[in-house]
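Below: model_37.cif (mmCIF, N, CA and C atoms)
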```
data_data
#
loop_
_atom_site.label_atom_id
_atom_site.label_comp_id
_atom_site.auth_asym_id
_atom_site.auth_seq_id
_atom_site.Cartn_x
_atom_site.Cartn_y
_atom_site.Cartn_z
N MET A 978 84.87 79.66 133.26
CA MET A 978 85.98 80.07 134.08
C MET A 978 86.66 81.28 133.45
N SER A 979 87.14 82.18 134.26
CA SER A 979 87.76 83.42 133.81
C SER A 979 89.28 83.34 133.97
N SER A 980 90.01 83.84 132.98
CA SER A 980 91.47 83.82 133.02
C SER A 980 92.03 85.23 132.91
N PRO A 981 93.10 85.53 133.65
CA PRO A 981 93.71 86.85 133.52
C PRO A 981 94.45 86.98 132.19
N VAL A 982 94.40 88.18 131.63
CA VAL A 982 95.08 88.48 130.37
C VAL A 982 95.98 89.68 130.62
N ILE A 983 97.25 89.54 130.30
CA ILE A 983 98.17 90.67 130.40
C ILE A 983 98.27 91.31 129.01
N ILE A 984 98.18 92.62 128.99
CA ILE A 984 98.24 93.38 127.74
C ILE A 984 99.68 93.89 127.59
N LEU A 985 100.31 93.54 126.47
CA LEU A 985 101.71 93.88 126.24
C LEU A 985 101.89 94.61 124.91
N LEU A 986 102.87 95.49 124.86
CA LEU A 986 103.24 96.06 123.57
C LEU A 986 103.67 94.92 122.65
N PRO A 987 103.34 95.01 121.36
CA PRO A 987 103.62 93.89 120.45
C PRO A 987 105.06 93.38 120.48
N GLN A 988 106.04 94.29 120.54
CA GLN A 988 107.44 93.84 120.53
C GLN A 988 107.78 93.03 121.77
N TRP A 989 107.22 93.40 122.92
CA TRP A 989 107.48 92.64 124.15
C TRP A 989 106.76 91.29 124.11
N ALA A 990 105.53 91.28 123.61
CA ALA A 990 104.79 90.01 123.50
C ALA A 990 105.57 89.02 122.65
N GLU A 991 106.12 89.48 121.54
CA GLU A 991 106.87 88.59 120.65
C GLU A 991 108.10 88.03 121.33
N LEU A 992 108.85 88.86 122.04
CA LEU A 992 110.05 88.38 122.73
C LEU A 992 109.70 87.38 123.84
N ILE A 993 108.59 87.63 124.54
CA ILE A 993 108.15 86.68 125.58
C ILE A 993 107.75 85.36 124.94
N LEU A 994 106.96 85.40 123.89
CA LEU A 994 106.50 84.18 123.24
C LEU A 994 107.64 83.40 122.60
N ASP A 995 108.70 84.10 122.18
CA ASP A 995 109.89 83.45 121.63
C ASP A 995 110.78 82.86 122.72
N GLY A 996 110.51 83.21 123.98
CA GLY A 996 111.33 82.74 125.10
C GLY A 996 112.58 83.57 125.33
N THR A 997 112.72 84.67 124.60
CA THR A 997 113.89 85.54 124.71
C THR A 997 113.78 86.45 125.92
N LYS A 998 112.59 86.91 126.23
CA LYS A 998 112.33 87.82 127.34
C LYS A 998 111.65 87.01 128.44
N THR A 999 112.32 86.89 129.58
CA THR A 999 111.78 86.06 130.67
C THR A 999 111.41 86.88 131.90
N ALA A 1000 111.36 88.19 131.71
CA ALA A 1000 110.93 89.08 132.80
C ALA A 1000 110.21 90.27 132.19
N GLU A 1001 109.11 90.66 132.79
CA GLU A 1001 108.31 91.81 132.33
C GLU A 1001 108.43 92.92 133.35
N VAL A 1002 108.64 94.14 132.87
CA VAL A 1002 108.81 95.31 133.72
C VAL A 1002 107.48 96.04 133.83
N ARG A 1003 107.07 96.31 135.07
CA ARG A 1003 105.79 97.00 135.31
C ARG A 1003 105.93 98.00 136.45
N GLY A 1004 104.99 98.91 136.51
CA GLY A 1004 104.97 99.93 137.56
C GLY A 1004 104.10 99.54 138.74
N GLN A 1005 103.56 98.32 138.72
CA GLN A 1005 102.71 97.84 139.82
C GLN A 1005 103.09 96.42 140.18
N ASN A 1006 102.97 96.10 141.44
CA ASN A 1006 103.14 94.74 141.92
C ASN A 1006 102.00 93.88 141.42
N THR A 1007 102.22 92.58 141.35
CA THR A 1007 101.12 91.65 141.10
C THR A 1007 101.25 90.46 142.03
N HIS A 1008 100.10 89.97 142.47
CA HIS A 1008 100.07 88.75 143.28
C HIS A 1008 99.65 87.56 142.42
N LYS A 1009 99.44 87.81 141.13
CA LYS A 1009 99.07 86.73 140.22
C LYS A 1009 100.25 85.78 140.05
N ARG A 1010 99.98 84.49 140.09
CA ARG A 1010 100.96 83.46 139.82
C ARG A 1010 100.28 82.42 138.95
N GLY A 1011 101.06 81.74 138.17
CA GLY A 1011 100.51 80.72 137.29
C GLY A 1011 100.30 81.29 135.89
N THR A 1012 99.49 80.58 135.13
CA THR A 1012 99.31 80.91 133.72
C THR A 1012 98.44 82.13 133.52
N VAL A 1013 98.94 83.05 132.69
CA VAL A 1013 98.16 84.20 132.24
C VAL A 1013 98.19 84.21 130.72
N LEU A 1014 97.14 84.72 130.14
CA LEU A 1014 97.05 84.83 128.69
C LEU A 1014 97.72 86.12 128.24
N ILE A 1015 98.16 86.15 126.98
CA ILE A 1015 98.85 87.32 126.43
C ILE A 1015 98.05 87.90 125.28
N SER A 1016 97.81 89.21 125.36
CA SER A 1016 97.20 89.96 124.27
C SER A 1016 98.13 91.12 123.93
N ARG A 1017 98.30 91.38 122.64
CA ARG A 1017 99.13 92.52 122.22
C ARG A 1017 98.27 93.77 122.19
N SER A 1018 98.80 94.85 122.73
CA SER A 1018 98.04 96.10 122.74
C SER A 1018 97.72 96.52 121.32
N GLY A 1019 96.54 97.07 121.14
CA GLY A 1019 96.09 97.49 119.83
C GLY A 1019 95.47 96.38 119.00
N GLU A 1020 95.44 95.17 119.52
CA GLU A 1020 94.87 94.03 118.80
C GLU A 1020 93.71 93.44 119.60
N LYS A 1021 92.89 92.70 118.91
CA LYS A 1021 91.71 92.09 119.54
C LYS A 1021 91.81 90.58 119.52
N SER A 1022 92.93 90.08 120.07
CA SER A 1022 93.11 88.63 120.12
C SER A 1022 94.06 88.26 121.25
N ILE A 1023 93.99 87.00 121.63
CA ILE A 1023 94.92 86.42 122.59
C ILE A 1023 95.87 85.55 121.77
N VAL A 1024 97.15 85.79 121.93
CA VAL A 1024 98.14 85.16 121.05
C VAL A 1024 98.95 84.06 121.74
N GLY A 1025 98.81 83.93 123.06
CA GLY A 1025 99.57 82.91 123.76
C GLY A 1025 99.37 82.99 125.26
N SER A 1026 100.25 82.30 125.97
CA SER A 1026 100.19 82.31 127.43
C SER A 1026 101.61 82.20 127.98
N VAL A 1027 101.74 82.53 129.25
CA VAL A 1027 103.01 82.42 129.95
C VAL A 1027 102.71 82.26 131.43
N ASP A 1028 103.62 81.66 132.16
CA ASP A 1028 103.46 81.51 133.61
C ASP A 1028 104.20 82.62 134.33
N ILE A 1029 103.53 83.29 135.24
CA ILE A 1029 104.19 84.22 136.15
C ILE A 1029 104.60 83.40 137.37
N VAL A 1030 105.90 83.34 137.63
CA VAL A 1030 106.39 82.53 138.74
C VAL A 1030 106.80 83.35 139.96
N ASP A 1031 107.00 84.67 139.75
CA ASP A 1031 107.37 85.52 140.87
C ASP A 1031 107.22 86.98 140.44
N CYS A 1032 107.13 87.85 141.43
CA CYS A 1032 107.15 89.29 141.20
C CYS A 1032 108.15 89.88 142.19
N GLU A 1033 109.10 90.62 141.66
CA GLU A 1033 110.17 91.18 142.47
C GLU A 1033 110.07 92.71 142.46
N GLY A 1034 110.24 93.30 143.61
CA GLY A 1034 110.27 94.75 143.62
C GLY A 1034 109.57 95.35 144.81
N PRO A 1035 109.62 96.68 144.87
CA PRO A 1035 110.23 97.52 143.85
C PRO A 1035 111.75 97.29 143.80
N VAL A 1036 112.30 97.30 142.58
CA VAL A 1036 113.72 97.05 142.39
C VAL A 1036 114.49 98.36 142.36
N THR A 1037 115.74 98.28 142.73
CA THR A 1037 116.65 99.42 142.65
C THR A 1037 117.17 99.54 141.21
N LYS A 1038 117.80 100.65 140.91
CA LYS A 1038 118.45 100.81 139.60
C LYS A 1038 119.48 99.72 139.38
N GLU A 1039 120.21 99.36 140.44
CA GLU A 1039 121.24 98.34 140.32
C GLU A 1039 120.64 96.97 140.01
N ARG A 1040 119.55 96.64 140.68
CA ARG A 1040 118.89 95.35 140.42
C ARG A 1040 118.27 95.34 139.02
N PHE A 1041 117.69 96.46 138.61
CA PHE A 1041 117.13 96.58 137.27
C PHE A 1041 118.22 96.28 136.24
N GLU A 1042 119.40 96.82 136.45
CA GLU A 1042 120.53 96.59 135.54
C GLU A 1042 120.96 95.12 135.56
N GLU A 1043 121.01 94.51 136.74
CA GLU A 1043 121.37 93.09 136.86
C GLU A 1043 120.42 92.20 136.06
N LEU A 1044 119.16 92.59 136.00
CA LEU A 1044 118.13 91.78 135.33
C LEU A 1044 117.93 92.16 133.86
N ARG A 1045 118.72 93.08 133.35
CA ARG A 1045 118.53 93.60 131.98
C ARG A 1045 118.48 92.48 130.93
N GLU A 1046 119.32 91.47 131.08
CA GLU A 1046 119.34 90.38 130.11
C GLU A 1046 118.01 89.61 130.09
N LEU A 1047 117.31 89.62 131.22
CA LEU A 1047 116.02 88.93 131.30
C LEU A 1047 114.87 89.79 130.78
N HIS A 1048 114.86 91.09 131.14
CA HIS A 1048 113.73 91.94 130.74
C HIS A 1048 113.93 92.63 129.40
N ARG A 1049 115.16 92.73 128.92
CA ARG A 1049 115.49 93.24 127.59
C ARG A 1049 115.21 94.72 127.37
N VAL A 1050 114.90 95.46 128.42
CA VAL A 1050 114.70 96.90 128.28
C VAL A 1050 116.08 97.53 128.26
N ASP A 1051 116.50 98.02 127.09
CA ASP A 1051 117.85 98.57 127.01
C ASP A 1051 117.85 100.08 127.19
N GLY A 1052 119.02 100.64 127.28
CA GLY A 1052 119.16 102.07 127.55
C GLY A 1052 118.63 102.96 126.46
N SER A 1053 118.43 102.43 125.26
CA SER A 1053 117.95 103.27 124.16
C SER A 1053 116.44 103.48 124.22
N ILE A 1054 115.75 102.72 125.06
CA ILE A 1054 114.30 102.86 125.16
C ILE A 1054 113.99 104.00 126.11
N GLN A 1055 113.30 104.99 125.61
CA GLN A 1055 112.95 106.16 126.42
C GLN A 1055 111.55 105.96 126.99
N THR A 1056 111.40 106.27 128.23
CA THR A 1056 110.09 106.17 128.86
C THR A 1056 109.30 107.46 128.65
N THR A 1057 108.02 107.31 128.49
CA THR A 1057 107.15 108.48 128.38
C THR A 1057 106.32 108.63 129.66
N ARG A 1058 106.64 107.86 130.65
CA ARG A 1058 105.89 107.87 131.89
C ARG A 1058 106.25 109.10 132.72
N ALA A 1059 105.29 109.91 133.01
CA ALA A 1059 105.52 111.15 133.76
C ALA A 1059 106.01 110.87 135.18
N HIS A 1060 105.67 109.69 135.72
CA HIS A 1060 106.04 109.39 137.10
C HIS A 1060 107.39 108.71 137.23
N ALA A 1061 108.11 108.51 136.13
CA ALA A 1061 109.44 107.91 136.20
C ALA A 1061 110.41 108.89 136.84
N THR A 1062 111.36 108.37 137.58
CA THR A 1062 112.31 109.23 138.27
C THR A 1062 113.46 109.63 137.36
N ASP A 1063 113.83 108.80 136.42
CA ASP A 1063 114.88 109.12 135.47
C ASP A 1063 114.83 108.12 134.33
N GLN A 1064 115.80 108.19 133.42
CA GLN A 1064 115.78 107.32 132.25
C GLN A 1064 116.39 105.96 132.52
N ASP A 1065 116.99 105.75 133.69
CA ASP A 1065 117.64 104.48 133.99
C ASP A 1065 116.67 103.41 134.45
N ILE A 1066 115.53 103.82 134.93
CA ILE A 1066 114.54 102.88 135.45
C ILE A 1066 113.16 103.43 135.07
N PRO A 1067 112.30 102.60 134.53
CA PRO A 1067 111.08 103.14 133.90
C PRO A 1067 110.01 103.69 134.83
N TYR A 1068 109.96 103.27 136.07
CA TYR A 1068 108.90 103.72 136.97
C TYR A 1068 109.51 104.16 138.30
N LYS A 1069 108.78 105.02 139.00
CA LYS A 1069 109.23 105.41 140.34
C LYS A 1069 109.36 104.17 141.22
N LYS A 1070 108.38 103.27 141.12
CA LYS A 1070 108.45 101.95 141.75
C LYS A 1070 108.36 100.94 140.60
N THR A 1071 109.46 100.24 140.35
CA THR A 1071 109.54 99.31 139.24
C THR A 1071 109.52 97.88 139.76
N PHE A 1072 108.66 97.07 139.17
CA PHE A 1072 108.52 95.66 139.54
C PHE A 1072 108.88 94.78 138.35
N ILE A 1073 109.42 93.61 138.65
CA ILE A 1073 109.80 92.65 137.63
C ILE A 1073 108.94 91.39 137.81
N TYR A 1074 108.17 91.04 136.77
CA TYR A 1074 107.41 89.79 136.78
C TYR A 1074 108.30 88.73 136.13
N HIS A 1075 108.65 87.69 136.86
CA HIS A 1075 109.47 86.62 136.32
C HIS A 1075 108.58 85.60 135.61
N LEU A 1076 108.97 85.25 134.39
CA LEU A 1076 108.12 84.46 133.49
C LEU A 1076 108.78 83.14 133.10
N LYS A 1077 107.93 82.13 132.85
CA LYS A 1077 108.41 80.82 132.38
C LYS A 1077 107.35 80.20 131.47
N SER A 1078 107.79 79.26 130.68
CA SER A 1078 106.92 78.38 129.89
C SER A 1078 105.98 79.12 128.94
N PRO A 1079 106.50 79.98 128.06
CA PRO A 1079 105.61 80.66 127.10
C PRO A 1079 105.06 79.68 126.07
N ILE A 1080 103.84 79.92 125.67
CA ILE A 1080 103.19 79.13 124.61
C ILE A 1080 102.58 80.11 123.62
N ARG A 1081 102.97 79.97 122.35
CA ARG A 1081 102.36 80.76 121.28
C ARG A 1081 101.22 79.94 120.68
N PHE A 1082 100.04 80.52 120.64
CA PHE A 1082 98.89 79.80 120.08
C PHE A 1082 99.01 79.76 118.56
N GLU A 1083 98.71 78.60 117.97
CA GLU A 1083 98.74 78.47 116.51
C GLU A 1083 97.76 79.44 115.87
N THR A 1084 96.59 79.53 116.47
CA THR A 1084 95.55 80.42 115.97
C THR A 1084 95.17 81.38 117.09
N PRO A 1085 95.34 82.69 116.88
CA PRO A 1085 94.93 83.65 117.92
C PRO A 1085 93.44 83.51 118.23
N ILE A 1086 93.09 83.76 119.48
CA ILE A 1086 91.71 83.66 119.94
C ILE A 1086 91.10 85.06 119.95
N PRO A 1087 89.97 85.26 119.29
CA PRO A 1087 89.34 86.58 119.32
C PRO A 1087 89.05 87.01 120.76
N PHE A 1088 89.28 88.31 121.01
CA PHE A 1088 89.17 88.82 122.38
C PHE A 1088 88.78 90.29 122.34
N GLU A 1089 87.65 90.60 122.93
CA GLU A 1089 87.18 91.99 123.03
C GLU A 1089 87.49 92.51 124.42
N ARG A 1090 88.03 93.71 124.48
CA ARG A 1090 88.30 94.32 125.77
C ARG A 1090 88.14 95.83 125.64
N LYS A 1091 88.14 96.49 126.78
CA LYS A 1091 88.06 97.95 126.78
C LYS A 1091 89.32 98.51 126.14
N SER A 1092 89.18 99.57 125.38
CA SER A 1092 90.36 100.20 124.79
C SER A 1092 90.99 101.16 125.79
N GLY A 1093 92.19 101.56 125.50
CA GLY A 1093 92.90 102.48 126.39
C GLY A 1093 94.00 101.78 127.14
N PRO A 1094 94.70 102.52 127.99
CA PRO A 1094 95.83 101.94 128.73
C PRO A 1094 95.35 100.99 129.82
N VAL A 1095 95.59 99.71 129.62
CA VAL A 1095 95.16 98.67 130.54
C VAL A 1095 96.31 97.67 130.68
N THR A 1096 96.57 97.22 131.90
CA THR A 1096 97.58 96.18 132.11
C THR A 1096 96.94 94.81 132.11
N TRP A 1097 95.81 94.69 132.80
CA TRP A 1097 95.14 93.39 132.95
C TRP A 1097 93.72 93.45 132.42
N ALA A 1098 93.28 92.34 131.86
CA ALA A 1098 91.89 92.17 131.45
C ALA A 1098 91.49 90.75 131.85
N ARG A 1099 90.23 90.39 131.63
CA ARG A 1099 89.75 89.03 131.93
C ARG A 1099 89.20 88.42 130.65
N PHE A 1100 89.46 87.13 130.48
CA PHE A 1100 88.93 86.38 129.35
C PHE A 1100 88.03 85.30 129.91
N THR A 1101 86.81 85.23 129.42
CA THR A 1101 85.85 84.26 129.97
C THR A 1101 85.56 83.12 129.01
N GLY A 1102 86.23 83.07 127.89
CA GLY A 1102 86.01 82.00 126.92
C GLY A 1102 86.84 80.78 127.21
N SER A 1103 86.90 79.88 126.23
CA SER A 1103 87.65 78.64 126.34
C SER A 1103 88.97 78.79 125.58
N VAL A 1104 90.03 78.26 126.15
CA VAL A 1104 91.35 78.32 125.52
C VAL A 1104 91.81 76.91 125.22
N GLN A 1105 92.05 76.65 123.94
CA GLN A 1105 92.63 75.37 123.51
C GLN A 1105 93.90 75.68 122.75
N THR A 1106 95.04 75.18 123.22
CA THR A 1106 96.32 75.51 122.60
C THR A 1106 96.75 74.48 121.56
N ILE A 1107 96.03 73.37 121.44
CA ILE A 1107 96.40 72.35 120.47
C ILE A 1107 95.34 72.24 119.40
#
```
Let me see the file written as structure tokens.
Amino acid sequence: MSSPVIILLPQWAELILDGTKTAEVRGQNTHKRGTVLISRSGEKSIVGSVDIVDCEGPVTKERFEELRELHRVDGSIQTTRAHATDQDIPYKKTFIYHLKSPIRFETPIPFERKSGPVTWARFTGSVQTI
């Protein structure tokens, strides 16, 4: 069986796995719901999982601000995305993935994927969290 893997910057992966960050900011909508695996960008392992319970957007600047406590993207973070409209919101069309039930794996699972900028990958191995 194949499972979706979301690729996250290490600092965001850690906040999600700690339960501090309960919303992920992306430039694309997703129809994925349920459990997805988490891999940190630049690494070759799966470090945990989280449930995507909803996707909201595209959000306005005002809604992005209302959700700041959930997504943790603060004003000091500068975007390098050429398609962003300004520094207040990271993407021309910004979506919020609402997250629940993070699980940090005791032992990361080895995971090979294509290098480069990728949001989603597939994992075809077995996942045991205990």
Discussion item. Can you pull out the residues contacting Ser1026 of chain A? Cut-off 6 Å, using all atoms listed in the file, and skip same-chain residues under 6 positions away; I want them as an NGL selection string.
Written reply: :A and (1013-1015 or 1078-1082)
| query | Do you know which residues lie at most 5 Å from (106.7, 94.3, 134.5), with coordinates as in the file and only N, CA and C atoms counted, and could you write them as a PyMOL selection string? | reply | chain A and resi 1001-1003+1072-1074
As a PyMOL selection string, please: the residues near Gly1004 of chain A (cut-off 8 Å, all atoms listed in the file, same-chain neighbours under 4 positions excluded). chain A and resi 1067-1073
Output as a ChimeraX atom specification all residues of chain A that backbone DSSP marks as alpha helix (DSSP H).
/A:987-995,1038-1043,1045-1048
Checklist line | Selection dump of the PyMOL selection byres ((chain A and resi 1032) around 8), as a list of chain:residue names | finding: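 So the PyMOL selection byres ((chain A and resi 1032) around 8) ends up selecting A:Asn1006, A:Thr1007, A:His1008, A:Lys1009, A:Arg1010, A:Ile1029, A:Val1030, A:Asp1031, A:Glu1033, A:Gly1034, A:Pro1035, A:Phe1072, A:Ile1073, A:Tyr1074, A:His1075, A:Leu1076.
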>> Just to confirm, what's the straight-line distance from atom CA of Ser1018 of chain A to atom CA of Glu1039 of chain A in Å (one decimal)?
In response: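 Rounded to one decimal, the two atoms are 29.2 Å apart.
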Q. For this file, the PyMOL selection byres ((chain A and resi 981) around 7) selects which residues, as a ChimeraX atom specification?
A. /A:979-980,982-983,1012-1015,1097-1100
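Put simply, atom N of Pro1094 of chain A is 28.3 Å away from atom C of Glu1042 of chain A.
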* Asked: Out of chain A, which residues get strand (DSSP E or B) from DSSP, as a PyMOL selection string?
  -> chain A and resi 980-985+1000-1003+1011-1017+1022-1033+1063+1066+1072-1087+1097-1100
Could you write out the selected residues, including N, CA and C atoms, as a short mmCIF file (atom, residue, chain, number, x, y, z; two decimals), in the frame of the given file?
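Output saved as result.cif:
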```
data_model
loop_
_atom_site.label_atom_id
_atom_site.label_comp_id
_atom_site.auth_asym_id
_atom_site.auth_seq_id
_atom_site.Cartn_x
_atom_site.Cartn_y
_atom_site.Cartn_z
N SER A 980 90.01 83.84 132.98
CA SER A 980 91.47 83.82 133.02
C SER A 980 92.03 85.23 132.91
N PRO A 981 93.10 85.53 133.65
CA PRO A 981 93.71 86.85 133.52
C PRO A 981 94.45 86.98 132.19
N VAL A 982 94.40 88.18 131.63
CA VAL A 982 95.08 88.48 130.37
C VAL A 982 95.98 89.68 130.62
N ILE A 983 97.25 89.54 130.30
CA ILE A 983 98.17 90.67 130.40
C ILE A 983 98.27 91.31 129.01
N ILE A 984 98.18 92.62 128.99
CA ILE A 984 98.24 93.38 127.74
C ILE A 984 99.68 93.89 127.59
N LEU A 985 100.31 93.54 126.47
CA LEU A 985 101.71 93.88 126.24
C LEU A 985 101.89 94.61 124.91
N ALA A 1000 111.36 88.19 131.71
CA ALA A 1000 110.93 89.08 132.80
C ALA A 1000 110.21 90.27 132.19
N GLU A 1001 109.11 90.66 132.79
CA GLU A 1001 108.31 91.81 132.33
C GLU A 1001 108.43 92.92 133.35
N VAL A 1002 108.64 94.14 132.87
CA VAL A 1002 108.81 95.31 133.72
C VAL A 1002 107.48 96.04 133.83
N ARG A 1003 107.07 96.31 135.07
CA ARG A 1003 105.79 97.00 135.31
C ARG A 1003 105.93 98.00 136.45
N GLY A 1011 101.06 81.74 138.17
CA GLY A 1011 100.51 80.72 137.29
C GLY A 1011 100.30 81.29 135.89
N THR A 1012 99.49 80.58 135.13
CA THR A 1012 99.31 80.91 133.72
C THR A 1012 98.44 82.13 133.52
N VAL A 1013 98.94 83.05 132.69
CA VAL A 1013 98.16 84.20 132.24
C VAL A 1013 98.19 84.21 130.72
N LEU A 1014 97.14 84.72 130.14
CA LEU A 1014 97.05 84.83 128.69
C LEU A 1014 97.72 86.12 128.24
N ILE A 1015 98.16 86.15 126.98
CA ILE A 1015 98.85 87.32 126.43
C ILE A 1015 98.05 87.90 125.28
N SER A 1016 97.81 89.21 125.36
CA SER A 1016 97.20 89.96 124.27
C SER A 1016 98.13 91.12 123.93
N ARG A 1017 98.30 91.38 122.64
CA ARG A 1017 99.13 92.52 122.22
C ARG A 1017 98.27 93.77 122.19
N SER A 1022 92.93 90.08 120.07
CA SER A 1022 93.11 88.63 120.12
C SER A 1022 94.06 88.26 121.25
N ILE A 1023 93.99 87.00 121.63
CA ILE A 1023 94.92 86.42 122.59
C ILE A 1023 95.87 85.55 121.77
N VAL A 1024 97.15 85.79 121.93
CA VAL A 1024 98.14 85.16 121.05
C VAL A 1024 98.95 84.06 121.74
N GLY A 1025 98.81 83.93 123.06
CA GLY A 1025 99.57 82.91 123.76
C GLY A 1025 99.37 82.99 125.26
N SER A 1026 100.25 82.30 125.97
CA SER A 1026 100.19 82.31 127.43
C SER A 1026 101.61 82.20 127.98
N VAL A 1027 101.74 82.53 129.25
CA VAL A 1027 103.01 82.42 129.95
C VAL A 1027 102.71 82.26 131.43
N ASP A 1028 103.62 81.66 132.16
CA ASP A 1028 103.46 81.51 133.61
C ASP A 1028 104.20 82.62 134.33
N ILE A 1029 103.53 83.29 135.24
CA ILE A 1029 104.19 84.22 136.15
C ILE A 1029 104.60 83.40 137.37
N VAL A 1030 105.90 83.34 137.63
CA VAL A 1030 106.39 82.53 138.74
C VAL A 1030 106.80 83.35 139.96
N ASP A 1031 107.00 84.67 139.75
CA ASP A 1031 107.37 85.52 140.87
C ASP A 1031 107.22 86.98 140.44
N CYS A 1032 107.13 87.85 141.43
CA CYS A 1032 107.15 89.29 141.20
C CYS A 1032 108.15 89.88 142.19
N GLU A 1033 109.10 90.62 141.66
CA GLU A 1033 110.17 91.18 142.47
C GLU A 1033 110.07 92.71 142.46
N ASP A 1063 113.83 108.80 136.42
CA ASP A 1063 114.88 109.12 135.47
C ASP A 1063 114.83 108.12 134.33
N ILE A 1066 115.53 103.82 134.93
CA ILE A 1066 114.54 102.88 135.45
C ILE A 1066 113.16 103.43 135.07
N PHE A 1072 108.66 97.07 139.17
CA PHE A 1072 108.52 95.66 139.54
C PHE A 1072 108.88 94.78 138.35
N ILE A 1073 109.42 93.61 138.65
CA ILE A 1073 109.80 92.65 137.63
C ILE A 1073 108.94 91.39 137.81
N TYR A 1074 108.17 91.04 136.77
CA TYR A 1074 107.41 89.79 136.78
C TYR A 1074 108.30 88.73 136.13
N HIS A 1075 108.65 87.69 136.86
CA HIS A 1075 109.47 86.62 136.32
C HIS A 1075 108.58 85.60 135.61
N LEU A 1076 108.97 85.25 134.39
CA LEU A 1076 108.12 84.46 133.49
C LEU A 1076 108.78 83.14 133.10
N LYS A 1077 107.93 82.13 132.85
CA LYS A 1077 108.41 80.82 132.38
C LYS A 1077 107.35 80.20 131.47
N SER A 1078 107.79 79.26 130.68
CA SER A 1078 106.92 78.38 129.89
C SER A 1078 105.98 79.12 128.94
N PRO A 1079 106.50 79.98 128.06
CA PRO A 1079 105.61 80.66 127.10
C PRO A 1079 105.06 79.68 126.07
N ILE A 1080 103.84 79.92 125.67
CA ILE A 1080 103.19 79.13 124.61
C ILE A 1080 102.58 80.11 123.62
N ARG A 1081 102.97 79.97 122.35
CA ARG A 1081 102.36 80.76 121.28
C ARG A 1081 101.22 79.94 120.68
N PHE A 1082 100.04 80.52 120.64
CA PHE A 1082 98.89 79.80 120.08
C PHE A 1082 99.01 79.76 118.56
N GLU A 1083 98.71 78.60 117.97
CA GLU A 1083 98.74 78.47 116.51
C GLU A 1083 97.76 79.44 115.87
N THR A 1084 96.59 79.53 116.47
CA THR A 1084 95.55 80.42 115.97
C THR A 1084 95.17 81.38 117.09
N PRO A 1085 95.34 82.69 116.88
CA PRO A 1085 94.93 83.65 117.92
C PRO A 1085 93.44 83.51 118.23
N ILE A 1086 93.09 83.76 119.48
CA ILE A 1086 91.71 83.66 119.94
C ILE A 1086 91.10 85.06 119.95
N PRO A 1087 89.97 85.26 119.29
CA PRO A 1087 89.34 86.58 119.32
C PRO A 1087 89.05 87.01 120.76
N TRP A 1097 95.81 94.69 132.80
CA TRP A 1097 95.14 93.39 132.95
C TRP A 1097 93.72 93.45 132.42
N ALA A 1098 93.28 92.34 131.86
CA ALA A 1098 91.89 92.17 131.45
C ALA A 1098 91.49 90.75 131.85
N ARG A 1099 90.23 90.39 131.63
CA ARG A 1099 89.75 89.03 131.93
C ARG A 1099 89.20 88.42 130.65
N PHE A 1100 89.46 87.13 130.48
CA PHE A 1100 88.93 86.38 129.35
C PHE A 1100 88.03 85.30 129.91
#
```
- request: For each of A:Gly1011, A:Arg1017, A:Gln1005, A:Glu1046, take the minimum atom-to-atom distance to Trp989 of chain A, counting all atoms listed in the file, then give the residue where this is smallest.
  value: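 Comparing A:Gly1011, A:Arg1017, A:Gln1005, A:Glu1046 against Trp989 of chain A, the winner is A:Arg1017.
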Worksheet entry | the PyMOL selection byres (((chain A and resi 1083-1091 and name CA) around 8) and name CA) resolved against shown file, as a PyMOL selection string | chain A and resi 1021-1025+1081-1082+1092-1093+1098+1100+1104+1106-1107
Margin query: Under the rule that only C-alpha atoms are counted, which of A:Val1036, A:Ile984, A:Leu1047, A:Val1027 is the nearest residue to Lys998 of chain A?
Written below: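 Of A:Val1036, A:Ile984, A:Leu1047, A:Val1027, the one nearest Lys998 of chain A is A:Leu1047, counting only C-alpha atoms.
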Rebuild segment 1038-1044 of chain A so that it carries N, CA, C and O atoms, then output the result as a compact mmCIF listing (two decimals), keeping the file's coordinate frame.
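So the final result, stored in selection-v4.txt, reads:
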```txt
# COMPACT_ATOMS: atom_id res chain seq x y z
N LYS A 1038 117.80 100.65 140.91
CA LYS A 1038 118.45 100.81 139.60
C LYS A 1038 119.48 99.72 139.38
O LYS A 1038 119.60 99.18 138.28
N GLU A 1039 120.21 99.36 140.44
CA GLU A 1039 121.24 98.34 140.32
C GLU A 1039 120.64 96.97 140.01
O GLU A 1039 121.14 96.25 139.14
N ARG A 1040 119.55 96.64 140.68
CA ARG A 1040 118.89 95.35 140.42
C ARG A 1040 118.27 95.34 139.02
O ARG A 1040 118.33 94.33 138.32
N PHE A 1041 117.69 96.46 138.61
CA PHE A 1041 117.13 96.58 137.27
C PHE A 1041 118.22 96.28 136.24
O PHE A 1041 117.99 95.55 135.28
N GLU A 1042 119.40 96.82 136.45
CA GLU A 1042 120.53 96.59 135.54
C GLU A 1042 120.96 95.12 135.56
O GLU A 1042 121.21 94.52 134.51
N GLU A 1043 121.01 94.51 136.74
CA GLU A 1043 121.37 93.09 136.86
C GLU A 1043 120.42 92.20 136.06
O GLU A 1043 120.82 91.17 135.53
N LEU A 1044 119.16 92.59 136.00
CA LEU A 1044 118.13 91.78 135.33
C LEU A 1044 117.93 92.16 133.86
O LEU A 1044 117.07 91.59 133.19
```
